[in-house]
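Coordinates from coords-v2.cif are shown below (mmCIF, C-alpha atoms (C1' of nucleotides)).
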```cif
data_start
#
loop_
_atom_site.label_atom_id
_atom_site.label_comp_id
_atom_site.auth_asym_id
_atom_site.auth_seq_id
_atom_site.Cartn_x
_atom_site.Cartn_y
_atom_site.Cartn_z
CA MET O 7 -10.32 0.51 -25.06
CA LYS O 8 -7.07 2.32 -25.67
CA ARG O 9 -4.01 1.29 -23.78
CA THR O 10 -0.68 2.95 -23.24
CA ALA O 11 2.74 1.66 -22.29
CA ALA O 12 6.37 2.50 -22.77
CA PRO O 13 6.87 2.36 -26.55
CA ARG O 14 8.93 -0.55 -27.74
CA LYS O 15 12.26 0.19 -29.31
CA PRO O 16 12.24 -0.46 -33.07
CA SER O 17 14.91 -3.12 -32.70
CA THR O 18 12.91 -5.08 -30.14
CA ALA O 19 10.92 -7.11 -32.64
CA ALA O 20 14.06 -8.18 -34.44
CA ALA O 21 15.84 -9.05 -31.21
CA ALA O 22 12.85 -11.04 -30.07
CA ARG O 23 12.71 -12.97 -33.30
CA GLU O 24 16.35 -13.91 -32.94
CA ARG O 25 15.91 -15.04 -29.38
CA LEU O 26 12.85 -17.00 -30.30
CA ALA O 27 14.70 -18.64 -33.18
CA SER O 28 17.42 -19.98 -30.90
CA TRP O 29 14.91 -21.00 -28.26
CA ILE O 30 12.93 -22.87 -30.89
CA ALA O 31 16.00 -24.50 -32.39
CA ALA O 32 17.21 -25.57 -28.95
CA ARG O 33 14.22 -27.81 -28.43
CA GLY O 34 13.50 -29.24 -31.80
CA LEU O 35 10.62 -26.99 -32.62
CA LYS O 36 10.25 -25.53 -36.07
CA ALA O 37 10.32 -22.05 -37.46
CA THR O 38 7.19 -21.27 -39.38
CA ARG O 39 5.79 -18.41 -41.37
CA GLN O 40 2.82 -18.12 -39.02
CA ARG O 41 4.93 -17.85 -35.90
CA ASP O 42 7.09 -15.17 -37.42
CA LEU O 43 4.04 -13.25 -38.47
CA ILE O 44 2.41 -13.48 -35.05
CA VAL O 45 5.59 -12.56 -33.20
CA ASP O 46 6.16 -9.65 -35.54
CA THR O 47 2.62 -8.47 -35.05
CA PHE O 48 2.88 -8.73 -31.31
CA PHE O 49 6.12 -6.79 -31.04
CA SER O 50 4.95 -4.09 -33.41
CA GLN O 51 2.20 -3.22 -30.94
CA THR O 52 2.51 -1.61 -27.55
CA GLY O 53 0.66 -2.24 -24.37
CA HIS O 54 -1.20 -5.24 -23.04
CA LEU O 55 -2.83 -7.18 -25.81
CA SER O 56 -5.51 -9.78 -25.50
CA VAL O 57 -5.25 -12.83 -27.71
CA ASP O 58 -8.39 -11.68 -29.44
CA GLU O 59 -6.87 -8.35 -30.35
CA LEU O 60 -3.78 -10.11 -31.55
CA VAL O 61 -5.78 -12.52 -33.68
CA GLU O 62 -7.48 -9.57 -35.30
CA LYS O 63 -4.20 -7.80 -36.09
CA ALA O 64 -2.63 -11.00 -37.37
CA LYS O 65 -5.59 -11.73 -39.62
CA GLN O 66 -5.17 -8.31 -41.18
CA ARG O 67 -1.82 -9.46 -42.46
CA ASP O 68 -2.88 -13.00 -43.24
CA PRO O 69 -6.55 -13.88 -42.97
CA SER O 70 -5.78 -17.56 -42.95
CA ILE O 71 -4.14 -17.41 -39.52
CA GLY O 72 -6.09 -19.46 -37.02
CA ALA O 73 -6.86 -18.36 -33.49
CA ALA O 74 -5.49 -21.60 -32.07
CA THR O 75 -2.13 -20.83 -33.61
CA VAL O 76 -2.06 -17.43 -31.97
CA TYR O 77 -2.84 -19.02 -28.61
CA ARG O 78 -0.11 -21.59 -29.15
CA THR O 79 2.45 -19.05 -30.29
CA MET O 80 1.83 -16.70 -27.39
CA LYS O 81 2.29 -19.61 -25.04
CA ILE O 82 5.64 -20.33 -26.64
CA LEU O 83 6.62 -16.67 -26.38
CA ALA O 84 5.73 -16.72 -22.72
CA ASP O 85 7.67 -19.94 -22.12
CA ALA O 86 10.64 -18.40 -23.86
CA GLY O 87 10.41 -15.41 -21.56
CA LEU O 88 9.76 -12.97 -24.38
CA ALA O 89 6.20 -12.17 -23.37
CA SER O 90 4.42 -12.40 -20.10
CA ALA O 91 0.82 -13.34 -19.54
CA ARG O 92 -1.29 -11.13 -17.30
CA HIS O 93 -4.67 -11.97 -15.91
CA PHE O 94 -6.47 -8.76 -15.13
CA GLU O 95 -10.11 -8.48 -14.26
CA GLY O 96 -12.27 -9.22 -17.25
CA GLY O 97 -11.43 -12.80 -17.87
CA GLN O 98 -9.07 -12.74 -20.82
CA THR O 99 -5.36 -13.19 -20.66
CA ARG O 100 -3.35 -10.25 -21.88
CA TYR O 101 0.25 -10.43 -23.01
CA GLU O 102 2.92 -7.81 -22.68
CA ALA O 103 6.43 -7.79 -24.13
CA ALA O 104 8.93 -9.04 -21.57
CA LEU O 105 12.22 -8.69 -23.38
CA ASP O 106 14.83 -7.16 -21.07
CA ARG O 107 12.19 -5.70 -18.85
CA HIS O 108 12.15 -6.14 -15.15
CA HIS O 109 9.26 -6.66 -12.83
CA HIS O 110 6.52 -4.08 -12.52
CA ASP O 111 2.93 -3.84 -11.39
CA HIS O 112 -0.17 -2.20 -12.84
CA LEU O 113 -2.67 0.58 -12.42
CA ILE O 114 -5.83 -0.20 -14.37
CA CYS O 115 -8.58 2.24 -15.25
CA THR O 116 -11.90 0.47 -14.90
CA SER O 117 -13.57 3.00 -17.16
CA CYS O 118 -11.38 3.25 -20.27
CA GLY O 119 -9.27 0.16 -19.73
CA ASN O 120 -6.03 2.08 -19.82
CA ILE O 121 -3.20 0.23 -18.12
CA VAL O 122 -0.26 2.05 -16.56
CA GLU O 123 2.81 0.27 -15.28
CA PHE O 124 4.70 1.20 -12.17
CA GLU O 125 7.55 -0.03 -10.05
CA ASN O 126 7.97 0.45 -6.35
CA GLU O 127 10.94 -0.98 -4.59
CA ARG O 128 9.59 -0.20 -1.14
CA ILE O 129 6.42 -2.18 -1.74
CA GLU O 130 8.43 -5.14 -2.98
CA GLU O 131 10.55 -5.03 0.15
CA LEU O 132 7.52 -4.95 2.37
CA GLN O 133 6.02 -7.87 0.50
CA ASP O 134 9.18 -9.87 1.07
CA ARG O 135 9.03 -9.03 4.72
CA VAL O 136 5.42 -10.17 4.99
CA ALA O 137 6.27 -13.43 3.26
CA GLU O 138 9.17 -13.94 5.61
CA GLU O 139 7.00 -13.41 8.65
CA HIS O 140 4.75 -16.19 7.44
CA ASP O 141 7.67 -18.40 6.42
CA PHE O 142 6.63 -18.34 2.77
CA THR O 143 9.01 -18.42 -0.17
CA VAL O 144 7.41 -16.21 -2.77
CA THR O 145 7.85 -17.17 -6.39
CA HIS O 146 5.74 -14.46 -7.93
CA HIS O 147 3.12 -11.96 -6.98
CA LYS O 148 0.37 -9.85 -8.36
CA LEU O 149 -0.35 -6.26 -7.44
CA GLU O 150 -3.04 -4.44 -9.34
CA LEU O 151 -4.66 -1.13 -8.48
CA TYR O 152 -8.06 -0.59 -10.06
CA GLY O 153 -9.78 2.76 -10.33
CA LEU O 154 -10.27 5.82 -12.49
CA CYS O 155 -7.50 7.50 -14.43
CA SER O 156 -7.34 11.26 -14.50
CA ALA O 157 -8.98 11.54 -17.90
CA CYS O 158 -11.96 9.44 -16.86
CA LYS O 159 -12.33 11.30 -13.60
CA GLN O 160 -12.64 14.59 -15.47
CA GLN O 161 -15.08 13.16 -17.93
CA GLN O 162 -17.28 11.94 -15.10
CA SER O 163 -17.35 15.33 -13.42
CA HIS O 164 -18.18 17.12 -16.71
CA PRO O 165 -20.54 14.70 -18.40
CA ASN O 166 -21.86 17.37 -20.80
CA ARG O 167 -18.51 17.65 -22.50
CA GLN O 168 -18.54 14.08 -23.61
CA ARG O 169 -19.77 12.75 -26.97
CA MET U 7 -6.30 -28.78 -0.96
CA LYS U 8 -6.68 -27.77 2.64
CA ARG U 9 -7.14 -24.16 3.48
CA THR U 10 -6.87 -22.25 6.71
CA ALA U 11 -8.20 -18.96 7.93
CA ALA U 12 -9.23 -17.26 11.10
CA PRO U 13 -12.01 -19.46 12.49
CA ARG U 14 -15.43 -17.92 12.31
CA LYS U 15 -17.12 -17.09 15.54
CA PRO U 16 -20.09 -19.39 16.24
CA SER U 17 -22.47 -16.46 16.18
CA THR U 18 -21.35 -15.33 12.78
CA ALA U 19 -23.66 -17.58 10.82
CA ALA U 20 -26.65 -16.38 12.80
CA ALA U 21 -25.66 -12.75 12.47
CA ALA U 22 -25.16 -13.19 8.76
CA ARG U 23 -28.56 -14.77 8.37
CA GLU U 24 -30.16 -11.85 10.14
CA ARG U 25 -28.35 -9.32 8.01
CA LEU U 26 -29.22 -11.20 4.89
CA ALA U 27 -32.85 -11.38 5.95
CA SER U 28 -33.14 -7.61 6.25
CA TRP U 29 -31.18 -7.07 3.06
CA ILE U 30 -33.51 -9.45 1.27
CA ALA U 31 -36.61 -7.90 2.74
CA ALA U 32 -35.42 -4.42 1.84
CA ARG U 33 -35.51 -5.14 -1.84
CA GLY U 34 -38.48 -7.38 -2.29
CA LEU U 35 -36.57 -10.62 -2.49
CA LYS U 36 -37.79 -13.71 -0.77
CA ALA U 37 -36.48 -15.90 1.98
CA THR U 38 -36.17 -19.48 0.91
CA ARG U 39 -35.18 -22.75 2.44
CA GLN U 40 -32.40 -23.18 -0.12
CA ARG U 41 -30.83 -19.82 0.57
CA ASP U 42 -30.84 -20.42 4.28
CA LEU U 43 -29.23 -23.77 3.77
CA ILE U 44 -26.53 -22.41 1.47
CA VAL U 45 -25.79 -19.44 3.71
CA ASP U 46 -25.65 -21.70 6.72
CA THR U 47 -23.33 -24.07 4.94
CA PHE U 48 -21.08 -21.26 3.83
CA PHE U 49 -20.74 -19.71 7.25
CA SER U 50 -20.17 -23.03 8.95
CA GLN U 51 -17.00 -23.43 6.91
CA THR U 52 -13.77 -21.52 7.20
CA GLY U 53 -11.43 -20.30 4.54
CA HIS U 54 -11.87 -19.54 0.89
CA LEU U 55 -14.44 -21.78 -0.70
CA SER U 56 -15.01 -22.36 -4.36
CA VAL U 57 -18.58 -22.60 -5.54
CA ASP U 58 -17.94 -26.20 -6.41
CA GLU U 59 -16.88 -27.05 -2.89
CA LEU U 60 -19.90 -25.24 -1.59
CA VAL U 61 -22.23 -27.10 -3.91
CA GLU U 62 -20.79 -30.34 -2.65
CA LYS U 63 -21.26 -29.39 1.00
CA ALA U 64 -24.76 -28.12 0.36
CA LYS U 65 -25.74 -31.27 -1.49
CA GLN U 66 -24.68 -33.29 1.53
CA ARG U 67 -27.44 -31.58 3.46
CA ASP U 68 -29.93 -31.52 0.63
CA PRO U 69 -29.10 -33.40 -2.55
CA SER U 70 -31.77 -31.55 -4.49
CA ILE U 71 -29.90 -28.23 -4.30
CA GLY U 72 -28.92 -27.06 -7.75
CA ALA U 73 -25.55 -25.56 -8.60
CA ALA U 74 -27.20 -22.56 -10.22
CA THR U 75 -28.86 -21.71 -6.94
CA VAL U 76 -25.54 -21.78 -5.15
CA TYR U 77 -24.04 -19.43 -7.74
CA ARG U 78 -27.01 -17.10 -7.41
CA THR U 79 -27.00 -17.16 -3.64
CA MET U 80 -23.31 -16.43 -3.34
CA LYS U 81 -23.76 -13.49 -5.65
CA ILE U 82 -26.48 -12.18 -3.39
CA LEU U 83 -24.26 -12.67 -0.35
CA ALA U 84 -21.50 -10.75 -2.09
CA ASP U 85 -23.89 -7.96 -3.09
CA ALA U 86 -25.06 -7.76 0.49
CA GLY U 87 -21.48 -7.43 1.65
CA LEU U 88 -21.56 -10.63 3.65
CA ALA U 89 -19.14 -12.51 1.46
CA SER U 90 -16.48 -11.38 -0.90
CA ALA U 91 -15.48 -12.98 -4.15
CA ARG U 92 -11.82 -13.60 -4.80
CA HIS U 93 -10.27 -14.56 -8.09
CA PHE U 94 -7.01 -16.31 -7.39
CA GLU U 95 -5.00 -18.17 -9.97
CA GLY U 96 -6.77 -21.30 -11.05
CA GLY U 97 -9.83 -19.87 -12.64
CA GLN U 98 -12.59 -20.43 -10.14
CA THR U 99 -14.05 -17.76 -7.95
CA ARG U 100 -13.62 -18.35 -4.25
CA TYR U 101 -15.73 -16.73 -1.56
CA GLU U 102 -14.71 -15.71 1.91
CA ALA U 103 -16.87 -14.45 4.74
CA ALA U 104 -16.80 -10.66 4.85
CA LEU U 105 -18.93 -9.89 7.86
CA ASP U 106 -17.30 -7.17 9.95
CA ARG U 107 -13.93 -7.88 8.46
CA HIS U 108 -11.73 -5.24 7.01
CA HIS U 109 -9.51 -5.35 4.01
CA HIS U 110 -6.69 -7.82 3.78
CA ASP U 111 -4.51 -9.46 1.15
CA HIS U 112 -3.36 -13.02 0.58
CA LEU U 113 -0.39 -15.35 0.61
CA ILE U 114 -1.13 -18.45 -1.44
CA CYS U 115 0.81 -21.68 -1.43
CA THR U 116 1.04 -22.95 -4.97
CA SER U 117 1.73 -26.45 -3.74
CA CYS U 118 -0.96 -27.23 -1.16
CA GLY U 119 -3.35 -24.39 -1.96
CA ASN U 120 -3.27 -23.06 1.55
CA ILE U 121 -4.30 -19.41 1.73
CA VAL U 122 -3.08 -17.09 4.48
CA GLU U 123 -4.44 -13.62 4.99
CA PHE U 124 -2.39 -10.62 5.97
CA GLU U 125 -2.74 -6.91 6.44
CA ASN U 126 -0.06 -4.32 5.96
CA GLU U 127 -0.85 -0.70 6.47
CA ARG U 128 2.47 0.48 5.06
CA ILE U 129 1.88 -1.31 1.77
CA GLU U 130 -1.57 0.24 1.50
CA GLU U 131 -0.13 3.67 2.07
CA LEU U 132 2.50 3.17 -0.58
CA GLN U 133 -0.16 1.99 -3.00
CA ASP U 134 -2.15 5.13 -2.37
CA ARG U 135 0.92 7.20 -3.00
CA VAL U 136 1.63 5.44 -6.29
CA ALA U 137 -1.94 6.00 -7.39
CA GLU U 138 -1.70 9.65 -6.45
CA GLU U 139 1.47 10.09 -8.48
CA HIS U 140 -0.38 8.79 -11.52
CA ASP U 141 -3.50 10.79 -10.73
CA PHE U 142 -5.59 7.67 -10.31
CA THR U 143 -8.45 7.25 -7.89
CA VAL U 144 -8.24 3.69 -6.70
CA THR U 145 -11.48 1.87 -5.97
CA HIS U 146 -10.02 -1.50 -5.13
CA HIS U 147 -6.85 -3.45 -5.48
CA LYS U 148 -5.48 -6.92 -5.54
CA LEU U 149 -2.29 -8.05 -3.87
CA GLU U 150 -1.46 -11.72 -3.92
CA LEU U 151 1.83 -13.36 -3.05
CA TYR U 152 2.31 -16.82 -4.51
CA GLY U 153 4.88 -19.31 -3.35
CA LEU U 154 5.58 -22.18 -0.99
CA CYS U 155 4.40 -22.31 2.58
CA SER U 156 6.75 -23.59 5.25
CA ALA U 157 5.19 -27.05 5.32
CA CYS U 158 5.55 -27.52 1.58
CA LYS U 159 9.10 -26.22 1.62
CA GLN U 160 10.06 -28.85 4.15
CA GLN U 161 8.32 -31.57 2.25
CA GLN U 162 10.20 -30.65 -0.88
CA SER U 163 13.56 -30.81 0.84
CA HIS U 164 12.75 -34.18 2.42
CA PRO U 165 10.87 -35.96 -0.35
CA ASN U 166 11.40 -39.41 1.25
CA ARG U 167 9.25 -38.49 4.21
CA GLN U 168 6.20 -37.95 2.09
CA ARG U 169 3.47 -40.47 1.24
"C1'" DT F 27 17.08 -31.22 -54.67
"C1'" DC F 28 14.37 -35.02 -52.94
"C1'" DT F 29 12.86 -37.79 -49.04
"C1'" DC F 30 10.65 -38.66 -44.96
"C1'" DG F 31 9.95 -38.41 -40.01
"C1'" DT F 32 8.27 -34.57 -37.11
"C1'" DT F 33 6.15 -30.64 -36.13
"C1'" DT F 34 2.72 -27.39 -37.04
"C1'" DC F 35 -1.32 -25.75 -39.23
"C1'" DG F 36 -6.46 -24.48 -39.30
"C1'" DA F 37 -11.01 -25.87 -38.38
"C1'" DG F 38 -13.93 -27.35 -35.45
"C1'" DA F 39 -15.16 -30.14 -31.35
"C1'" DC F 40 -14.61 -29.94 -26.57
"C1'" DT F 41 -14.02 -28.17 -21.67
"C1'" DG F 42 -15.03 -25.70 -17.46
"C1'" DA F 43 -16.84 -21.75 -15.05
"C1'" DG F 44 -20.50 -19.19 -14.79
"C1'" DA F 45 -24.79 -16.67 -16.66
"C1'" DA F 46 -29.26 -16.91 -18.88
"C1'" DT F 47 -33.62 -19.22 -19.82
"C1'" DC F 48 -37.85 -21.43 -18.67
"C1'" DA F 49 -41.53 -24.17 -16.85
"C1'" DA F 50 -42.80 -25.54 -12.37
"C1'" DT F 51 -42.81 -24.40 -7.55
"C1'" DT F 52 -42.66 -21.48 -3.51
"C1'" DT F 53 -43.19 -17.28 -0.95
"C1'" DC F 54 -45.92 -13.83 1.29
"C1'" DA F 55 -48.96 -9.74 1.53
"C1'" DA F 56 -53.61 -8.94 1.12
"C1'" DT P 4 -56.75 -18.79 0.69
"C1'" DT P 5 -55.25 -16.46 -3.28
"C1'" DG P 6 -52.31 -14.94 -6.88
"C1'" DA P 7 -48.62 -11.92 -8.45
"C1'" DA P 8 -43.87 -11.97 -8.11
"C1'" DA P 9 -39.69 -14.29 -6.99
"C1'" DT P 10 -37.14 -18.59 -6.93
"C1'" DT P 11 -35.87 -23.19 -8.09
"C1'" DG P 12 -33.39 -26.97 -10.73
"C1'" DA P 13 -32.36 -28.50 -15.13
"C1'" DT P 14 -30.76 -27.25 -19.15
"C1'" DT P 15 -28.81 -24.36 -22.55
"C1'" DC P 16 -25.74 -20.78 -23.76
"C1'" DT P 17 -21.49 -18.03 -23.67
"C1'" DC P 18 -16.83 -17.19 -23.45
"C1'" DA P 19 -11.95 -18.16 -23.15
"C1'" DG P 20 -9.03 -21.39 -24.01
"C1'" DT P 21 -7.47 -26.32 -25.13
"C1'" DC P 22 -7.55 -30.58 -27.74
"C1'" DT P 23 -7.96 -33.43 -31.86
"C1'" DC P 24 -7.14 -34.65 -36.41
"C1'" DG P 25 -6.10 -34.91 -41.23
"C1'" DA P 26 -3.43 -32.05 -44.22
"C1'" DA P 27 0.54 -29.15 -45.02
"C1'" DA P 28 5.10 -27.39 -43.96
"C1'" DC P 29 9.73 -27.83 -42.05
"C1'" DG P 30 14.41 -29.30 -42.26
"C1'" DA P 31 18.21 -32.84 -41.58
"C1'" DG P 32 20.23 -36.09 -44.24
"C1'" DA P 33 20.89 -38.60 -48.68
#
```
For the file at hand, write its structure as structure tokens.
Amino acid sequence: MKRTAAPRKPSTAAAARERLASWIAARGLKATRQRDLIVDTFFSQTGHLSVDELVEKAKQRDPSIGAATVYRTMKILADAGLASARHFEGGQTRYEAALDRHHHDHLICTSCGNIVEFENERIEELQDRVAEEHDFTVTHHKLELYGLCSACKQQQSHPNRQR
Amino acid sequence: MKRTAAPRKPSTAAAARERLASWIAARGLKATRQRDLIVDTFFSQTGHLSVDELVEKAKQRDPSIGAATVYRTMKILADAGLASARHFEGGQTRYEAALDRHHHDHLICTSCGNIVEFENERIEELQDRVAEEHDFTVTHHKLELYGLCSACKQQQSHPNRQR
DNA sequence: TCTCGTTTCGAGACTGAGAATCAATTTCAA
DNA sequence: TTGAAATTGATTCTCAGTCTCGAAACGAGA
């Protein structure tokens, strides 16, 4: 399963670590080697990572890292607003970097797992209007389009060319 | 957690049972007392039911019904196109009747759990356009708006009036 | 630098939703 | 009525994620 996304700027990891440091200090938490390593690992990747994938990457740097710690750290990152948790089809939570990014939705290829982000102001407006009509105050929403990406479409129509 | 939805027409349960019967017959499955009971129970309710809720209701009619059978039966109903599975936030699958209904999306109150359905042709069109721009062929999508319904908003602004 | 109260760590037990297994039972066409 | 095939309920298993607990690490103050 390869995934693509806007590549993170090189400075992002550093900026995130700073922000996390102050967030952690502000509430009496502690800075630890493991957290730094996990945060570093996360921000050095692109795309939408599952905790499992992240555990694997983190263990490459330090095999003693426990999965529970990765879960805990990603939760902290999400609370701090530096990562956001996404629940796509498939059951696992995936995290994406959230530093200085604004809202977007997703196109997900059900064949290769590729995830593409998009923004559409008109759709957001229409959603607000719908909510208004029903007298709802929307706090967040989820819009996901599932289907085949162009690459997978071509592969399906020319099955001989594959593998 | 109360939930509302368009009330099912009285004939719906009967129609569903007929459709299920032919669907079952068509592929060598068998009609059983338990399936009838579960299907009946499902169609006599409105809204978006979790399997758990359905198990409870079914057990009221026949305490010997097993949870596994309810899971299996709802899967059959979904395969037959008579129910559709929805995965809202919260982790459990909820089923809604799908007989002769066309596509719609959901507004979900995060306070009382109430689920309201809506349709919006313009949003669908814009989704299609987005997919086209990215050369995706969309097979299905998910649009969920989470927030507070009008009742819960009022309750929150007048906390004294509650309980 | 040392101390000591807190926080965090890793391992493994636990949870909850749902799928798989299996022996016993039921269905239904012949 | 018979018997192969499907189904049932109970139980076990899986999977993602959380909780627990004793040990280790952090860091503010002495």
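Distance-wise, atom CA of O:Ala91 and atom CA of U:Cys118 end up 23.1 Å apart.
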request  = Mind checking which residues fall within 10 Å of F:DA37, counting only C-alpha atoms (C1' of nucleotides), ignoring those fewer than 3 positions away in the same chain, and posting them as a list in words?
outcome  = Gly72, Ala73 and Ala74 of chain O; DC24 of chain P
Selected residues written out with C-alpha atoms (C1' of nucleotides), as a compact mmCIF listing (two decimals), in the frame of the given file:
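File written: out09.txt
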```txt
# COMPACT_ATOMS: atom_id res chain seq x y z
CA GLY O 72 -6.09 -19.46 -37.02
CA ALA O 73 -6.86 -18.36 -33.49
CA ALA O 74 -5.49 -21.60 -32.07
C1' DC P 24 -7.14 -34.65 -36.41
```
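Under the PyMOL selection byres ((chain U) within 8 of (chain F)), the matching residues in the shown file are U:Lys36, U:Ala37, U:Thr38, U:Tyr77, U:Gly97, U:Gln98.
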task = Could you list the residues in chain U lying within 6 Å of chain O, using all atoms listed in the file, and format the result as an MDAnalysis selection string?
result = chainID U and resid 129 141:156
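Residues from chain P found within 10 Å of chain O are DC18, DA19, DG20, DT21, DA28, DC29 and DG30 of chain P, counting all atoms listed in the file.
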task = Run the PyMOL selection byres ((chain O and resi 16-28) around 9) against the file shown and list the residues it catches, as a PyMOL selection string.
result = chain O and resi 13-15+29-33+36-37+42+45-50+82-83+86+88+105
